[in-house]
Amino acid sequence: MSIPQSGGGPIERHEQLAEYLASGCKPRDQWRIGTEHEKFGYCKDTLKPLPFEGTRSIVAVLEGLRDRHGWSEIREAGKLIGLEKDGANVSLEPGGALELSGAPLETIHETCDEVNTHLREVKDIADEIGVGFIGLGAAPIWSHDEMPLMPKGRYKLMDAYMGKVGTMGRTMMRRTCTVQVNLDFGSEADMVQKMRVAIALQPVATALFANSPFLEGKPNNHKSWRSRVWRDLDADRTGMVPFVFEEGFGFERWVQYALDVPMYFVYRDGEYIDALGMSFRDFLKGELPALPGETPTLSDWADHLTTAFPEARIKKYMEMRGADGGPWRRLCALPAFWVGMMYDQSSLDAAWDLVKGWNAETREALRVAASEQGLQAQVGAINMHDLAREVVAISEAGLKARGRAGAGGLVPDETHFLNALKDSIETGKVPADELLDRYNGDWNGDLTRIYADYSY
């Protein structure tokens, strides 16, 4: 999850809220790709999740990355809670999952190199101290109580609030992992088209990357339990944001949505001040109960934008949030999937033509069906397997049109990063299906086998 934002002065006009979003508009030659992924750490001998501190712990991994691989530390209240280097961050999810928030890079070749370097560095440290990391959408065996809450003020506040607004917020915090990509837009109109395509097609990403068919040691009857969790977390800040498809949608409409999202906190002088359930609208008027008489800065607004969790969201860039964490090669497939559609206008137009006739009920039904059935989902006349085949073809055409070469020019474009998805389309099986096959096959129902067979 996000680290505190900085660099914003006082908000003196309402228009500054939309202007903040619009300031992310960039010319096409400045569009970048930022890949984020999370993974669970565990002790190899006990197969239990890593504690925060100790010989085999989150802190031990962070210290190893700092000392051996040149990362600079980030501390909160004296605790080591993250790292930074070359525009990238390593941070902690609430339950201790390790996240790489990659630097904004020009090509998928570069972002995949970044992912590979990071995982090699983590493995270098982890192997030495008897720790493993695994990419899954949900913790397959561990209970809530086994997952330690990381010592970050933001998480302490969220944990207290989650139980009041839904049934699965704490499960999301501790026991789910994702891979996502952050992309740019060139104008408000470009943002609108991209956001509509992003929301409509998140269920396809959910289906193709579904990788969480287990919870607490047994199958959970979903291909993506992570997606199921997000459906019952907090209705005020999650979901398929149907207003995105309404006439007149733009930056100001997103501002109005975000202003209606209840607050979590205000960050001041290194501390998170409890503003749970309070209104940013009141904050703008100097009437926030947590800070009476004080009005927000643009940094506060930037922080608040990170507390809305729809399937895709806008900050100064756009985040695609529909996919489960997964195997190494799929960490590069996710940015390829979205870049091919979003960064070539012909492909973006083709994707919009594919989805523009759907209504809100269809989009929501696809979201639910993707979570439950993966590529086998069927909503009315829409077959998810056929839809995914068409969408991946659109993405592949976009990557070919981009023509961004890699490996010193030996690789002509970025299309090979889609190979994992094309394999799924060929076989009809996504990672969740493969895991269930193993569970019902050679694992003989012994889910502990997942660690040896699927860790990085």
# chains A, B, ... in the order shown; residues from 1 in each chain; ligands from 1
>>> residues_around(residues="region 292-295 of chain A", least_positions_apart="3", cutoff="8 Å", atoms="only C-alpha atoms", output="VMD selection string")
chain A and resid 10 to 11 283 to 289
>>> write_last_selection(atoms="C-alpha atoms", output="PDB file, in the first residue's frame")
ATOM      1  CA  PRO A  10      -2.377  24.438   0.900  1.00  0.00           C
ATOM      2  CA  ILE A  11      -5.672  23.895  -0.904  1.00  0.00           C
ATOM      3  CA  PHE A 283     -11.716  19.084   6.117  1.00  0.00           C
ATOM      4  CA  LEU A 284     -11.884  21.541   3.207  1.00  0.00           C
ATOM      5  CA  LYS A 285     -14.130  23.775   5.339  1.00  0.00           C
ATOM      6  CA  GLY A 286     -11.816  23.591   8.358  1.00  0.00           C
ATOM      7  CA  GLU A 287     -14.361  21.481  10.208  1.00  0.00           C
ATOM      8  CA  LEU A 288     -12.569  18.131  10.507  1.00  0.00           C
ATOM      9  CA  PRO A 289     -13.101  16.855  14.071  1.00  0.00           C
TER      10      PRO A 289
END
>>> closest_atom_pairs(of="region 330-448 of chain A", to="region 36-43 of chain A", cutoff="12 Å", atoms="only C-alpha atoms", output="JSON lines")
{"residue": "A:Arg330", "atom": "CA", "partner": "A:His37", "partner_atom": "CA", "distance": 10.4}
{"residue": "A:Leu331", "atom": "CA", "partner": "A:His37", "partner_atom": "CA", "distance": 7.2}
{"residue": "A:Cys332", "atom": "CA", "partner": "A:His37", "partner_atom": "CA", "distance": 10.0}
{"residue": "A:Ala333", "atom": "CA", "partner": "A:His37", "partner_atom": "CA", "distance": 11.9}
{"residue": "A:Leu334", "atom": "CA", "partner": "A:Glu36", "partner_atom": "CA", "distance": 9.9}
{"residue": "A:Pro335", "atom": "CA", "partner": "A:Glu36", "partner_atom": "CA", "distance": 9.4}
{"residue": "A:Thr448", "atom": "CA", "partner": "A:Tyr42", "partner_atom": "CA", "distance": 11.9}
>>> write_last_selection(atoms="C-alpha atoms", output="PDB file, in the first residue's frame")
ATOM      1  CA  ARG A 330       3.057 -13.539 -14.983  1.00  0.00           C
ATOM      2  CA  LEU A 331       4.472 -10.534 -13.171  1.00  0.00           C
ATOM      3  CA  CYS A 332       5.634  -9.319 -16.590  1.00  0.00           C
ATOM      4  CA  ALA A 333       2.487 -10.487 -18.369  1.00  0.00           C
ATOM      5  CA  LEU A 334       0.230  -8.109 -16.433  1.00  0.00           C
ATOM      6  CA  PRO A 335       1.883  -4.883 -17.658  1.00  0.00           C
ATOM      7  CA  THR A 448       1.766 -27.714   2.182  1.00  0.00           C
TER       8      THR A 448
END
>>> select_by_dssp(residues="region 197-413 of chain A", states="strand (DSSP E or B)", output="PyMOL selection string")
chain A and resi 212+214-215+218-219+224+238-239+265-268+271-274+297+309-310+312-314+318-324+378-379+382-383+406+411
>>> write_last_selection(atoms="C-alpha atoms", output="PDB file, in the first residue's frame")
ATOM      1  CA  SER A 212      -6.195 -17.948  -5.116  1.00  0.00           C
ATOM      2  CA  PHE A 214      -7.447 -21.979  -1.408  1.00  0.00           C
ATOM      3  CA  LEU A 215      -8.067 -20.506   2.024  1.00  0.00           C
ATOM      4  CA  LYS A 218      -8.774 -26.170   1.526  1.00  0.00           C
ATOM      5  CA  PRO A 219     -10.425 -25.134  -1.734  1.00  0.00           C
ATOM      6  CA  SER A 224      -9.793 -15.761  -7.312  1.00  0.00           C
ATOM      7  CA  THR A 238     -14.451  -0.367  -3.761  1.00  0.00           C
ATOM      8  CA  GLY A 239     -16.163  -1.800  -6.808  1.00  0.00           C
ATOM      9  CA  PHE A 265      -6.234   9.475   8.533  1.00  0.00           C
ATOM     10  CA  VAL A 266      -4.297  12.711   8.262  1.00  0.00           C
ATOM     11  CA  TYR A 267      -0.509  12.417   8.227  1.00  0.00           C
ATOM     12  CA  ARG A 268       1.306  15.010  10.325  1.00  0.00           C
ATOM     13  CA  GLU A 271       2.282  10.343  12.678  1.00  0.00           C
ATOM     14  CA  TYR A 272      -1.088   9.139  11.424  1.00  0.00           C
ATOM     15  CA  ILE A 273      -3.926  11.047  13.062  1.00  0.00           C
ATOM     16  CA  ASP A 274      -7.198   9.134  13.389  1.00  0.00           C
ATOM     17  CA  THR A 297      -2.858  20.503   1.790  1.00  0.00           C
ATOM     18  CA  PHE A 309      -9.846   1.041  -3.774  1.00  0.00           C
ATOM     19  CA  PRO A 310     -12.010   0.526  -6.888  1.00  0.00           C
ATOM     20  CA  ALA A 312      -9.091   0.784 -11.332  1.00  0.00           C
ATOM     21  CA  ARG A 313      -8.332   4.197  -9.903  1.00  0.00           C
ATOM     22  CA  ILE A 314      -6.927   7.592 -10.807  1.00  0.00           C
ATOM     23  CA  MET A 318      -4.076   5.180 -13.550  1.00  0.00           C
ATOM     24  CA  GLU A 319      -3.790   1.923 -11.587  1.00  0.00           C
ATOM     25  CA  MET A 320      -5.062  -1.448 -12.833  1.00  0.00           C
ATOM     26  CA  ARG A 321      -6.048  -3.409  -9.737  1.00  0.00           C
ATOM     27  CA  GLY A 322      -7.866  -6.583 -10.855  1.00  0.00           C
ATOM     28  CA  ALA A 323      -5.178  -9.298 -10.846  1.00  0.00           C
ATOM     29  CA  ASP A 324      -3.973 -11.839  -8.283  1.00  0.00           C
ATOM     30  CA  GLN A 378     -20.337 -17.128 -18.672  1.00  0.00           C
ATOM     31  CA  VAL A 379     -22.487 -13.981 -18.409  1.00  0.00           C
ATOM     32  CA  ILE A 382     -20.421 -13.356 -23.072  1.00  0.00           C
ATOM     33  CA  ASN A 383     -18.058 -16.300 -22.707  1.00  0.00           C
ATOM     34  CA  GLY A 406      14.597  -5.332 -26.216  1.00  0.00           C
ATOM     35  CA  VAL A 411      13.776  -8.920 -29.532  1.00  0.00           C
TER      36      VAL A 411
END
>>> residues_around(residues="region 106-108 of chain A", least_positions_apart="5", cutoff="8 Å", atoms="only C-alpha atoms", output="list in words")
Trp31, Arg32, Ile33, Cys332, Pro335, Ala336, Arg404 and Glu414 of chain A
>>> write_last_selection(atoms="C-alpha atoms", output="CSV table (one decimal), in the first residue's frame")
chain,number,residue,atom,x,y,z
A,31,TRP,CA,4.2,7.7,-20.9
A,32,ARG,CA,5.8,5.2,-18.6
A,33,ILE,CA,5.1,1.8,-17.0
A,332,CYS,CA,5.6,-9.3,-16.6
A,335,PRO,CA,1.9,-4.9,-17.7
A,336,ALA,CA,2.1,-6.4,-21.2
A,404,ARG,CA,9.6,-1.4,-28.5
A,414,GLU,CA,7.1,-6.8,-26.2
>>> closest_residue(among="A:Gln16, A:Gln193, A:Ser279, A:Thr415", to="Ala397 (chain A)", atoms="only C-alpha atoms")
A:Thr415
>>> select_by_dssp(residues="region 59-138 of chain A", states="helix (DSSP H, G or I)", output="JSON, numbers by chain")
{"A": [59, 60, 61, 62, 63, 64, 65, 66, 67, 68, 69, 108, 109, 110, 111, 112, 113, 114, 115, 116, 117, 118, 119, 120, 121, 122, 123, 124, 125, 126, 127, 128, 129]}
>>> closest_residue(among="A:Gly380, A:Gly403, A:Pro203, A:Gly64", to="Val368 (chain A)", atoms="only C-alpha atoms")
A:Pro203
>>> residues_around(residues="Gln202 (chain A)", least_positions_apart="2", cutoff="12 Å", atoms="only C-alpha atoms", output="ChimeraX atom specification")
/A:180-181,194-200,204-210,227,239-241,310-313,319-324,334,337-338,355,363-371,384,387-388,391
>>> atom_distance(atom1="CA of Ser72 (chain A)", atom2="CA of Arg329 (chain A)")
27.3 Å
>>> closest_residue(among="A:Thr362, A:Gly24, A:Val255, A:Ser424", to="Asp386 (chain A)", atoms="only C-alpha atoms")
A:Ser424
>>> atom_distance(atom1="CA of Phe133 (chain A)", atom2="CA of Gly428 (chain A)")
27.1 Å
>>> closest_residue(among="A:Val430, A:Leu354, A:Ala290, A:Ile425", to="Gly374 (chain A)", atoms="only C-alpha atoms")
A:Val430
